[in-house]
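Chemist: I'd like to ask some things about the structure below.
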Amino acid sequence: DMMNDIMGLSTLQEKVREKLGIKKVLLVPGSYDSNPSLIKDVAKCGAEYFLSILKDEDVVSITGGSTMFEFSNTIKTDKKYENVTVVPARGSMGKDVEIQSNNVVATTSKKLNSHYKLLHIPDELGEESMKTLTQEPQIKNTLDMIAKTDILVFGIGIAGEMAIRRKLPIEKVEEIVEKGAIGEAFGHYFNEKGEIVCKLNTVGIHLETFKNVRESIAIFAGTRKADALIAMTNINKNMVLITDEESANRILEL
Ligand code: G3H
């Protein structure tokens, strides 16, 4: 019955939280693997948690991707956060405008009635162009804001797939995978232990900022990403995880 299901889910949450050693785990019942539309419920659960901890004056950094796109769409509040600033955690990449961090930021900010800043710079650039562009006042201003992140909300990627989505040359993709990268988050490729195995010339949130944010909220759905999430929790234990029930069970199996 329903009461039993709820008890079961909260027991599972606690088991996963304990295994990962992180702050909090929130689960949505069901399986994303067999029902991909569950991503909307997972995103909604993430959005509700986010609103519950958001303070007016916070700087909020958000990544791109389809999960975060759903997150921004599902935010619903009547409050106006006039002192909040939303920024992209990364520069832009690829062709898909809809799931770019800039677009996710604009949607989120509109929902919150907050300020926002965009990062009009490709995520990967040659060293020289990167140096020049990051000194442009507008870009520098956004990067300085990102360094002040209070809340980071991010999606988890599978290393090889993200390297391809970022249109890295095939040699680079192979190198990343050969070096043992399994996961990707905000432009960092990390191995099972959470060690960064590949430092690309990217722009956005620094690892040190990530380790010191007040709240970091990881949102993912799908058992394929379970090992990448586990690896991620080796970088920062101050994390809240939002996922689906089956992915949570997979985390316990690994
Ligand atoms: O950075 C990209 C995300 O971490 C993963 O993207 O939500 O589309 O799977 P996704």
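Just remember, in the structure tokens the first chain shown is A, the second B, etc., residues are 1-based per chain, and ligands are 1-based in the order shown.
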Let's see if you can do this: from backbone DSSP, list all helix (DSSP H, G or I) residues in stretch 28-150 of chain A, as a VMD selection string.
Modeler: chain A and resid 38 to 53 66 to 74 101 to 112 127 to 133 137 to 146
Chemist: At a cut-off of 7 Å around ligand 1, and using only C-alpha atoms and all ligand atoms, what residues come up? Please write them as a PDB file with C-alpha atoms, in the first residue's frame.
Modeler:
```pdb
ATOM      1  CA  THR A  63      24.852  23.964 -15.914  1.00  0.00           C
ATOM      2  CA  GLY A  64      23.373  23.082 -19.297  1.00  0.00           C
ATOM      3  CA  GLY A  65      22.029  19.773 -20.559  1.00  0.00           C
ATOM      4  CA  SER A  66      18.602  18.244 -20.975  1.00  0.00           C
ATOM      5  CA  THR A  67      18.154  17.542 -17.254  1.00  0.00           C
ATOM      6  CA  MET A  68      18.791  21.148 -16.297  1.00  0.00           C
ATOM      7  CA  PHE A 154      24.121  20.640 -12.045  1.00  0.00           C
ATOM      8  CA  GLY A 155      23.552  17.644 -14.264  1.00  0.00           C
ATOM      9  CA  ILE A 156      25.837  14.652 -14.543  1.00  0.00           C
ATOM     10  CA  GLY A 157      27.261  13.463 -17.837  1.00  0.00           C
ATOM     11  CA  MET A 162      30.003  14.582 -23.098  1.00  0.00           C
ATOM     12  CA  GLU A 184      31.660  14.764 -16.490  1.00  0.00           C
ATOM     13  CA  ALA A 185      30.222  17.706 -14.639  1.00  0.00           C
ATOM     14  CA  PHE A 186      30.610  21.397 -15.443  1.00  0.00           C
ATOM     15  CA  PHE A 220      20.256  12.978 -12.734  1.00  0.00           C
TER      16      PHE A 220
END
```
Chemist: Any chance you could list, as an MDAnalysis selection string, the residues in stretch 3-249 of chain A that come up strand (DSSP E or B) when DSSP is run on the backbone?
Modeler: chainID A and resid 24:28 59:62 85:88 90 92 115:116 122 124 151:155 157:158 183:185 188:190 196:198 202 204 215:219 240:244
Chemist: Nearest residue to A:Lys148 out of A:Val177, A:Val60, A:Leu38, A:Val104, using only C-alpha atoms?
Modeler: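 So, comparing all the options, the nearest one is A:Val60.
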Chemist: If we count only C-alpha atoms, what is near stretch 78-87 of chain A at a cut-off of 10 Å, once residues fewer than 6 positions away on the same chain are taken out, given as a ChimeraX atom specification?
Modeler: /A:51,54-63,101-102,104-119,142-143,145-146,149,151-152,204
Chemist: Just the residues within 12 Å of A:Asp5, please, counting only C-alpha atoms, with nothing from its chain fewer than 4 positions along; format it as a list in words.
Modeler: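 Skipping anything fewer than 4 positions along the chain leaves Asp1, Leu9, Ser10, Thr11, Leu12, Leu27, Val28, Pro29, Gly30 and Glu245 of chain A.
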Chemist: Take the residues that were just selected and, keeping all heavy atoms, output them as a CSV table (one decimal), in the first residue's frame.
Modeler:
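So result35.csv came out as:
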```
chain,number,residue,atom,x,y,z
A,1,ASP,N,0.8,-1.2,0.0
A,1,ASP,CA,0.0,0.0,0.0
A,1,ASP,C,0.9,1.3,0.0
A,1,ASP,O,2.1,1.2,0.1
A,1,ASP,CB,-1.0,0.0,1.2
A,1,ASP,CG,-0.3,0.3,2.5
A,1,ASP,OD1,0.9,-0.1,2.7
A,1,ASP,OD2,-1.0,0.8,3.4
A,9,LEU,N,10.6,4.1,0.3
A,9,LEU,CA,11.4,5.1,-0.4
A,9,LEU,C,12.3,5.9,0.5
A,9,LEU,O,13.4,6.2,0.2
A,9,LEU,CB,10.4,6.1,-1.2
A,9,LEU,CG,11.0,6.7,-2.4
A,9,LEU,CD1,11.4,5.7,-3.5
A,9,LEU,CD2,10.0,7.7,-3.0
A,10,SER,N,11.7,6.2,1.7
A,10,SER,CA,12.6,7.0,2.6
A,10,SER,C,13.7,6.1,3.2
A,10,SER,O,14.8,6.7,3.5
A,10,SER,CB,11.7,7.7,3.7
A,10,SER,OG,11.1,6.7,4.5
A,11,THR,N,13.4,4.9,3.4
A,11,THR,CA,14.5,4.0,3.8
A,11,THR,C,15.6,3.9,2.7
A,11,THR,O,16.8,4.0,3.0
A,11,THR,CB,14.0,2.5,4.0
A,11,THR,OG1,12.9,2.6,4.9
A,11,THR,CG2,15.1,1.6,4.6
A,12,LEU,N,15.2,3.8,1.5
A,12,LEU,CA,16.1,3.8,0.4
A,12,LEU,C,17.0,5.1,0.3
A,12,LEU,O,18.2,5.1,0.1
A,12,LEU,CB,15.4,3.6,-1.0
A,12,LEU,CG,16.2,3.4,-2.2
A,12,LEU,CD1,17.2,2.3,-2.1
A,12,LEU,CD2,15.3,3.2,-3.4
A,27,LEU,N,14.4,11.1,-3.6
A,27,LEU,CA,14.0,10.2,-4.6
A,27,LEU,C,12.6,10.3,-5.2
A,27,LEU,O,11.7,10.6,-4.4
A,27,LEU,CB,14.2,8.7,-4.2
A,27,LEU,CG,15.6,8.4,-3.7
A,27,LEU,CD1,15.7,6.9,-3.2
A,27,LEU,CD2,16.6,8.5,-4.8
A,28,VAL,N,12.5,10.0,-6.5
A,28,VAL,CA,11.2,10.0,-7.1
A,28,VAL,C,10.9,8.5,-7.4
A,28,VAL,O,11.8,7.8,-7.9
A,28,VAL,CB,11.3,10.8,-8.4
A,28,VAL,CG1,10.1,10.5,-9.3
A,28,VAL,CG2,11.4,12.3,-8.1
A,29,PRO,N,9.7,8.0,-7.0
A,29,PRO,CA,9.4,6.6,-7.2
A,29,PRO,C,9.4,6.2,-8.7
A,29,PRO,O,9.0,7.0,-9.5
A,29,PRO,CB,8.0,6.4,-6.6
A,29,PRO,CG,7.5,7.8,-6.5
A,29,PRO,CD,8.6,8.7,-6.4
A,30,GLY,N,9.9,5.0,-9.0
A,30,GLY,CA,9.8,4.5,-10.4
A,30,GLY,C,11.2,4.4,-11.1
A,30,GLY,O,12.2,4.6,-10.4
A,245,GLU,N,14.1,6.2,-8.3
A,245,GLU,CA,14.3,5.1,-7.4
A,245,GLU,C,15.2,4.0,-8.0
A,245,GLU,O,16.0,3.4,-7.3
A,245,GLU,CB,12.8,4.5,-7.2
A,245,GLU,CG,12.8,3.3,-6.2
A,245,GLU,CD,11.3,2.8,-6.1
A,245,GLU,OE1,10.4,3.3,-6.8
A,245,GLU,OE2,11.1,2.0,-5.2
```
Chemist: Write out as JSON, numbers by chain each polymer residue whose atoms come within 12 Å of stretch 164-166 of chain A, counting only C-alpha atoms; drop sequence neighbours fewer than 4 positions from it.
Modeler: {"A": [64, 65, 90, 91, 92, 93, 94, 95, 96, 99, 100, 122, 123, 124, 125, 157, 158, 159, 160, 170, 171, 172, 173, 174, 176, 177, 184, 186, 187, 188, 200, 202]}
Chemist: Extract, using only C-alpha atoms, all DNA, RNA and protein residues at most 7 Å from stretch 236-240 of chain A, discarding same-chain residues fewer than 3 positions from it, and format them as a list in words.
Modeler: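 The residues that qualify are Gly21, Ile22, Lys23, Lys24, Val25, Lys211, Glu215, Ser216, Ile217, Ala218 and Thr233 of chain A.
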Chemist: Measuring atom to atom with only C-alpha atoms, identify which of A:Lys225, A:Lys179, A:Lys76, A:Lys40 is nearest to A:Asn191.
Modeler: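 Checking each candidate against A:Asn191, we get A:Lys179 as the closest.
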Chemist: Using only C-alpha atoms, determine which residues lie at most 10 Å from A:Asp244, disregarding the query and same-chain residues fewer than 4 positions distant; provide the list as a list in words.
Modeler: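 Here the qualifying residues turn out to be Leu26, Leu27, Val28, Pro29, Gly30, Ser31, Tyr32, Asp33, Leu38, Ile39, Asp41, Val42, Cys45, Ile219, Phe220, Ala221, Gly222, Thr223, Ala248 and Asn249 of chain A.
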